[in-house]
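Enquirer: This is the structure, below, for whatever I ask next.
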Amino acid sequence: MAKDVKARKSAALATPTDLGANATKDLTGGLNILLADVYALYIKTKNFHWHMSGPHFRDYHLLLDDQATEIDAMTDVIAERVRKLGGGTIRSIGHVKRLQRLLDNDAEYVTPHDMLAELREDNMELLKHMRILHEVADEHGDIATASLIENWVDETEQRVWFLFETGRHTEG
């Protein structure tokens, strides 16, 4: 009897998909890792936003707030894509910690220049992972996931560009 209850409970979350079991496993696994990275990047971006200081405070503070909002908007879309594919998604901060590839920064103080540089590098790392996941989506014929990733790549490239230009030292 207990086995039947467990089977019904897990079946209740198994959203039907035509992509097959291997695609579901590969894509939902990759999307959950991406989701963990996105959460880690969101928290780091907000951390640096909250702890920004110096003569360019207002500009940097607002830039990071805008970027955090954009990153946060990705989270629900990623998690819902996992569910549409029939998978389960992240359930806790501990789960994020186990899956994330981007490193946290718990330093007491980080210079504004180092904040911008670290976020630029993290976004570039995220780009790399998204491009690999796009290949997985293509291999399984998952055009919806591939399309979402293409938009996120464009947004992430823009964040990298803004962080790069903002973090440049003035010449001359």
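Going through the structure tokens in order, the chains are called A, B, and so on, while each chain numbers its residues from 1 and the ligands are numbered from 1 in the order shown.
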Range 83-154 of chain A near range 44-61 of chain A within 10 Å: what's each residue's closest atom pair and its distance in Å to one decimal, counting only C-alpha atoms, ordered by chain then ascending residue number, as CSV?

Expert:
```
residue,atom,partner,partner_atom,distance
A:Leu102,CA,A:Lys44,CA,9.7
A:Leu103,CA,A:Lys44,CA,9.0
A:Asp104,CA,A:Lys44,CA,6.7
A:Asn105,CA,A:Lys44,CA,6.9
A:Asp106,CA,A:Lys44,CA,8.9
A:Glu108,CA,A:His51,CA,9.3
A:Tyr109,CA,A:His51,CA,7.9
A:Val110,CA,A:Phe48,CA,8.1
A:Thr111,CA,A:Ser53,CA,8.0
A:Pro112,CA,A:Met52,CA,6.2
A:His113,CA,A:Tyr60,CA,9.9
A:Asp114,CA,A:Phe48,CA,9.9
A:Met115,CA,A:Phe48,CA,6.4
A:Leu116,CA,A:Tyr60,CA,8.6
A:Glu118,CA,A:Lys44,CA,9.5
A:Leu119,CA,A:Thr45,CA,7.1
A:Asp122,CA,A:Lys44,CA,9.6
```

Enquirer: Show me, as a PDB file with N, CA and C atoms, in the first residue's frame, the residues that have an atom within 12 Å of range 33-36 of chain A when counting only C-alpha atoms, minus same-chain residues fewer than 4 positions from it.

Expert:
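Heads up, here's the output in part04.pdb:
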```pdb
ATOM      1  N   ASP A  26      17.975  15.001 -19.032  1.00  0.00           N
ATOM      2  CA  ASP A  26      19.081  15.876 -19.424  1.00  0.00           C
ATOM      3  C   ASP A  26      18.714  17.353 -19.307  1.00  0.00           C
ATOM      4  N   LEU A  27      17.535  17.695 -19.812  1.00  0.00           N
ATOM      5  CA  LEU A  27      17.134  19.102 -19.840  1.00  0.00           C
ATOM      6  C   LEU A  27      16.767  19.623 -18.467  1.00  0.00           C
ATOM      7  N   THR A  28      16.003  18.858 -17.697  1.00  0.00           N
ATOM      8  CA  THR A  28      15.625  19.350 -16.375  1.00  0.00           C
ATOM      9  C   THR A  28      16.837  19.391 -15.444  1.00  0.00           C
ATOM     10  N   GLY A  29      17.734  18.438 -15.603  1.00  0.00           N
ATOM     11  CA  GLY A  29      18.968  18.486 -14.812  1.00  0.00           C
ATOM     12  C   GLY A  29      19.787  19.721 -15.133  1.00  0.00           C
ATOM     13  N   ALA A  40      22.397  32.138  -7.497  1.00  0.00           N
ATOM     14  CA  ALA A  40      23.667  32.570  -6.904  1.00  0.00           C
ATOM     15  C   ALA A  40      24.098  33.928  -7.469  1.00  0.00           C
ATOM     16  N   LEU A  41      23.943  34.104  -8.778  1.00  0.00           N
ATOM     17  CA  LEU A  41      24.297  35.379  -9.395  1.00  0.00           C
ATOM     18  C   LEU A  41      23.372  36.497  -8.917  1.00  0.00           C
ATOM     19  N   TYR A  42      22.099  36.196  -8.769  1.00  0.00           N
ATOM     20  CA  TYR A  42      21.147  37.187  -8.267  1.00  0.00           C
ATOM     21  C   TYR A  42      21.551  37.663  -6.867  1.00  0.00           C
ATOM     22  N   ILE A  43      21.825  36.713  -5.970  1.00  0.00           N
ATOM     23  CA  ILE A  43      22.194  37.076  -4.597  1.00  0.00           C
ATOM     24  C   ILE A  43      23.495  37.877  -4.585  1.00  0.00           C
ATOM     25  N   ILE A  71      17.985  39.417 -13.744  1.00  0.00           N
ATOM     26  CA  ILE A  71      18.395  38.055 -13.374  1.00  0.00           C
ATOM     27  C   ILE A  71      17.269  37.361 -12.625  1.00  0.00           C
ATOM     28  N   ASP A  72      16.643  38.072 -11.686  1.00  0.00           N
ATOM     29  CA  ASP A  72      15.543  37.503 -10.920  1.00  0.00           C
ATOM     30  C   ASP A  72      14.396  37.062 -11.835  1.00  0.00           C
ATOM     31  N   ALA A  73      14.141  37.827 -12.880  1.00  0.00           N
ATOM     32  CA  ALA A  73      13.043  37.496 -13.807  1.00  0.00           C
ATOM     33  C   ALA A  73      13.280  36.159 -14.509  1.00  0.00           C
ATOM     34  N   MET A  74      14.521  35.733 -14.612  1.00  0.00           N
ATOM     35  CA  MET A  74      14.833  34.452 -15.253  1.00  0.00           C
ATOM     36  C   MET A  74      14.399  33.266 -14.393  1.00  0.00           C
ATOM     37  N   THR A  75      14.413  33.430 -13.075  1.00  0.00           N
ATOM     38  CA  THR A  75      14.257  32.281 -12.184  1.00  0.00           C
ATOM     39  C   THR A  75      12.927  31.568 -12.362  1.00  0.00           C
ATOM     40  N   ASP A  76      11.841  32.307 -12.386  1.00  0.00           N
ATOM     41  CA  ASP A  76      10.533  31.678 -12.504  1.00  0.00           C
ATOM     42  C   ASP A  76      10.374  30.992 -13.860  1.00  0.00           C
ATOM     43  N   VAL A  77      10.888  31.603 -14.892  1.00  0.00           N
ATOM     44  CA  VAL A  77      10.783  31.031 -16.234  1.00  0.00           C
ATOM     45  C   VAL A  77      11.568  29.716 -16.309  1.00  0.00           C
ATOM     46  N   ILE A  78      12.753  29.699 -15.725  1.00  0.00           N
ATOM     47  CA  ILE A  78      13.560  28.474 -15.720  1.00  0.00           C
ATOM     48  C   ILE A  78      12.829  27.367 -14.955  1.00  0.00           C
ATOM     49  N   ALA A  79      12.372  27.685 -13.741  1.00  0.00           N
ATOM     50  CA  ALA A  79      11.706  26.675 -12.917  1.00  0.00           C
ATOM     51  C   ALA A  79      10.435  26.164 -13.590  1.00  0.00           C
ATOM     52  N   GLU A  80       9.668  27.055 -14.187  1.00  0.00           N
ATOM     53  CA  GLU A  80       8.446  26.614 -14.859  1.00  0.00           C
ATOM     54  C   GLU A  80       8.759  25.783 -16.103  1.00  0.00           C
ATOM     55  N   ARG A  81       9.870  26.065 -16.762  1.00  0.00           N
ATOM     56  CA  ARG A  81      10.266  25.239 -17.913  1.00  0.00           C
ATOM     57  C   ARG A  81      10.589  23.821 -17.443  1.00  0.00           C
ATOM     58  N   VAL A  82      11.268  23.708 -16.309  1.00  0.00           N
ATOM     59  CA  VAL A  82      11.561  22.391 -15.735  1.00  0.00           C
ATOM     60  C   VAL A  82      10.270  21.625 -15.491  1.00  0.00           C
ATOM     61  N   THR A  89      11.906  20.751  -9.500  1.00  0.00           N
ATOM     62  CA  THR A  89      12.918  21.802  -9.493  1.00  0.00           C
ATOM     63  C   THR A  89      13.420  22.103  -8.086  1.00  0.00           C
ATOM     64  N   ILE A  90      14.245  23.080  -7.977  1.00  0.00           N
ATOM     65  CA  ILE A  90      14.894  23.452  -6.722  1.00  0.00           C
ATOM     66  C   ILE A  90      13.853  23.715  -5.639  1.00  0.00           C
ATOM     67  N   ARG A  91      14.178  23.243  -4.434  1.00  0.00           N
ATOM     68  CA  ARG A  91      13.238  23.369  -3.323  1.00  0.00           C
ATOM     69  C   ARG A  91      13.776  24.169  -2.139  1.00  0.00           C
ATOM     70  N   SER A  92      15.058  24.522  -2.148  1.00  0.00           N
ATOM     71  CA  SER A  92      15.619  25.203  -0.979  1.00  0.00           C
ATOM     72  C   SER A  92      16.943  25.888  -1.327  1.00  0.00           C
ATOM     73  N   ILE A  93      17.382  26.739  -0.420  1.00  0.00           N
ATOM     74  CA  ILE A  93      18.693  27.377  -0.563  1.00  0.00           C
ATOM     75  C   ILE A  93      19.796  26.320  -0.525  1.00  0.00           C
ATOM     76  N   GLY A  94      19.615  25.303   0.306  1.00  0.00           N
ATOM     77  CA  GLY A  94      20.586  24.203   0.364  1.00  0.00           C
ATOM     78  C   GLY A  94      20.701  23.488  -0.972  1.00  0.00           C
ATOM     79  N   HIS A  95      19.574  23.316  -1.645  1.00  0.00           N
ATOM     80  CA  HIS A  95      19.562  22.682  -2.961  1.00  0.00           C
ATOM     81  C   HIS A  95      20.327  23.556  -3.957  1.00  0.00           C
ATOM     82  N   VAL A  96      20.112  24.869  -3.896  1.00  0.00           N
ATOM     83  CA  VAL A  96      20.867  25.803  -4.747  1.00  0.00           C
ATOM     84  C   VAL A  96      22.358  25.627  -4.484  1.00  0.00           C
ATOM     85  N   LYS A  97      22.747  25.595  -3.223  1.00  0.00           N
ATOM     86  CA  LYS A  97      24.168  25.493  -2.845  1.00  0.00           C
ATOM     87  C   LYS A  97      24.794  24.215  -3.408  1.00  0.00           C
ATOM     88  N   ARG A  98      24.033  23.127  -3.394  1.00  0.00           N
ATOM     89  CA  ARG A  98      24.564  21.850  -3.900  1.00  0.00           C
ATOM     90  C   ARG A  98      24.759  21.862  -5.411  1.00  0.00           C
ATOM     91  N   LEU A  99      23.957  22.647  -6.128  1.00  0.00           N
ATOM     92  CA  LEU A  99      24.005  22.631  -7.591  1.00  0.00           C
ATOM     93  C   LEU A  99      24.818  23.761  -8.215  1.00  0.00           C
ATOM     94  N   GLN A 100      24.939  24.890  -7.540  1.00  0.00           N
ATOM     95  CA  GLN A 100      25.542  26.071  -8.155  1.00  0.00           C
ATOM     96  C   GLN A 100      26.999  25.851  -8.519  1.00  0.00           C
ATOM     97  N   ARG A 101      27.381  26.445  -9.654  1.00  0.00           N
ATOM     98  CA  ARG A 101      28.778  26.419 -10.102  1.00  0.00           C
ATOM     99  C   ARG A 101      29.432  27.776  -9.878  1.00  0.00           C
ATOM    100  N   LEU A 102      28.661  28.855  -9.869  1.00  0.00           N
ATOM    101  CA  LEU A 102      29.207  30.185  -9.621  1.00  0.00           C
ATOM    102  C   LEU A 102      29.527  30.319  -8.140  1.00  0.00           C
ATOM    103  N   LEU A 103      30.651  30.934  -7.848  1.00  0.00           N
ATOM    104  CA  LEU A 103      31.109  31.042  -6.471  1.00  0.00           C
ATOM    105  C   LEU A 103      30.456  32.211  -5.749  1.00  0.00           C
ATOM    106  N   ASP A 104      30.196  32.018  -4.458  1.00  0.00           N
ATOM    107  CA  ASP A 104      29.696  33.089  -3.616  1.00  0.00           C
ATOM    108  C   ASP A 104      30.841  34.033  -3.269  1.00  0.00           C
ATOM    109  N   ASN A 123      28.974  36.490 -15.099  1.00  0.00           N
ATOM    110  CA  ASN A 123      28.043  36.507 -16.234  1.00  0.00           C
ATOM    111  C   ASN A 123      28.656  35.812 -17.446  1.00  0.00           C
ATOM    112  N   GLU A 125      30.795  33.352 -17.287  1.00  0.00           N
ATOM    113  CA  GLU A 125      30.726  31.929 -16.954  1.00  0.00           C
ATOM    114  C   GLU A 125      29.306  31.405 -17.197  1.00  0.00           C
ATOM    115  N   LEU A 126      28.313  32.195 -16.822  1.00  0.00           N
ATOM    116  CA  LEU A 126      26.926  31.814 -17.062  1.00  0.00           C
ATOM    117  C   LEU A 126      26.653  31.658 -18.555  1.00  0.00           C
ATOM    118  N   LEU A 127      27.208  32.564 -19.363  1.00  0.00           N
ATOM    119  CA  LEU A 127      27.069  32.463 -20.822  1.00  0.00           C
ATOM    120  C   LEU A 127      27.581  31.127 -21.330  1.00  0.00           C
ATOM    121  N   LYS A 128      28.749  30.746 -20.856  1.00  0.00           N
ATOM    122  CA  LYS A 128      29.356  29.479 -21.276  1.00  0.00           C
ATOM    123  C   LYS A 128      28.417  28.311 -20.973  1.00  0.00           C
ATOM    124  N   HIS A 129      27.876  28.295 -19.776  1.00  0.00           N
ATOM    125  CA  HIS A 129      26.985  27.202 -19.377  1.00  0.00           C
ATOM    126  C   HIS A 129      25.677  27.220 -20.170  1.00  0.00           C
ATOM    127  N   MET A 130      25.161  28.418 -20.454  1.00  0.00           N
ATOM    128  CA  MET A 130      23.923  28.504 -21.240  1.00  0.00           C
ATOM    129  C   MET A 130      24.138  28.006 -22.664  1.00  0.00           C
ATOM    130  N   ARG A 131      25.286  28.302 -23.241  1.00  0.00           N
ATOM    131  CA  ARG A 131      25.568  27.834 -24.604  1.00  0.00           C
ATOM    132  C   ARG A 131      25.630  26.296 -24.653  1.00  0.00           C
ATOM    133  N   ILE A 132      26.203  25.691 -23.638  1.00  0.00           N
ATOM    134  CA  ILE A 132      26.263  24.227 -23.569  1.00  0.00           C
ATOM    135  C   ILE A 132      24.859  23.647 -23.408  1.00  0.00           C
ATOM    136  N   LEU A 133      24.057  24.252 -22.539  1.00  0.00           N
ATOM    137  CA  LEU A 133      22.688  23.775 -22.352  1.00  0.00           C
ATOM    138  C   LEU A 133      21.859  23.954 -23.625  1.00  0.00           C
ATOM    139  N   HIS A 134      22.137  25.011 -24.379  1.00  0.00           N
ATOM    140  CA  HIS A 134      21.455  25.215 -25.663  1.00  0.00           C
ATOM    141  C   HIS A 134      21.745  24.040 -26.603  1.00  0.00           C
ATOM    142  N   ILE A 149      16.780  30.140 -23.900  1.00  0.00           N
ATOM    143  CA  ILE A 149      18.217  30.319 -23.660  1.00  0.00           C
ATOM    144  C   ILE A 149      18.778  31.397 -24.581  1.00  0.00           C
ATOM    145  N   TRP A 152      18.097  34.641 -23.009  1.00  0.00           N
ATOM    146  CA  TRP A 152      18.925  34.838 -21.815  1.00  0.00           C
ATOM    147  C   TRP A 152      20.375  35.109 -22.191  1.00  0.00           C
TER     148      TRP A 152
END
```

Enquirer: So that I can check the secondary structure, give me every residue of chain A assigned helix (DSSP H, G or I) by backbone DSSP, as an MDAnalysis selection string.

Expert: chainID A and resid 2:12 21:50 57:84 93:99 112:139 143:167

Enquirer: For Ala117 in chain A, work out the shell of residues within 9 Å, counting only C-alpha atoms and skipping chain neighbours fewer than 6 positions away, then give it as a list in words.

Expert: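 Close residues of Ala117 in chain A: Leu163, Phe164 and Gly167 of chain A.
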
Enquirer: Tell me, in Å to one decimal, how far CA of Thr156 in chain A is from CA of Leu64 in chain A.

Expert: 13.0 Å

Enquirer: Report, in Å to a single decimal, how far apart CA of Ala21 in chain A and CA of Asp138 in chain A are.

Expert: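 So the two atoms, CA of Asp138 in chain A and CA of Ala21 in chain A, lie 15.6 Å apart.
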
Enquirer: Smallest atom-to-atom distance to Leu148 in chain A: which of A:Leu31, A:Ala23, A:Thr17, A:Val160, using only C-alpha atoms?

Expert: A:Leu31

Enquirer: Have a look at A:Asn32, A:Thr69, A:Asn22, A:Ser147 and name the one nearest to Gly88 in chain A; count only C-alpha atoms.

Expert: A:Asn32
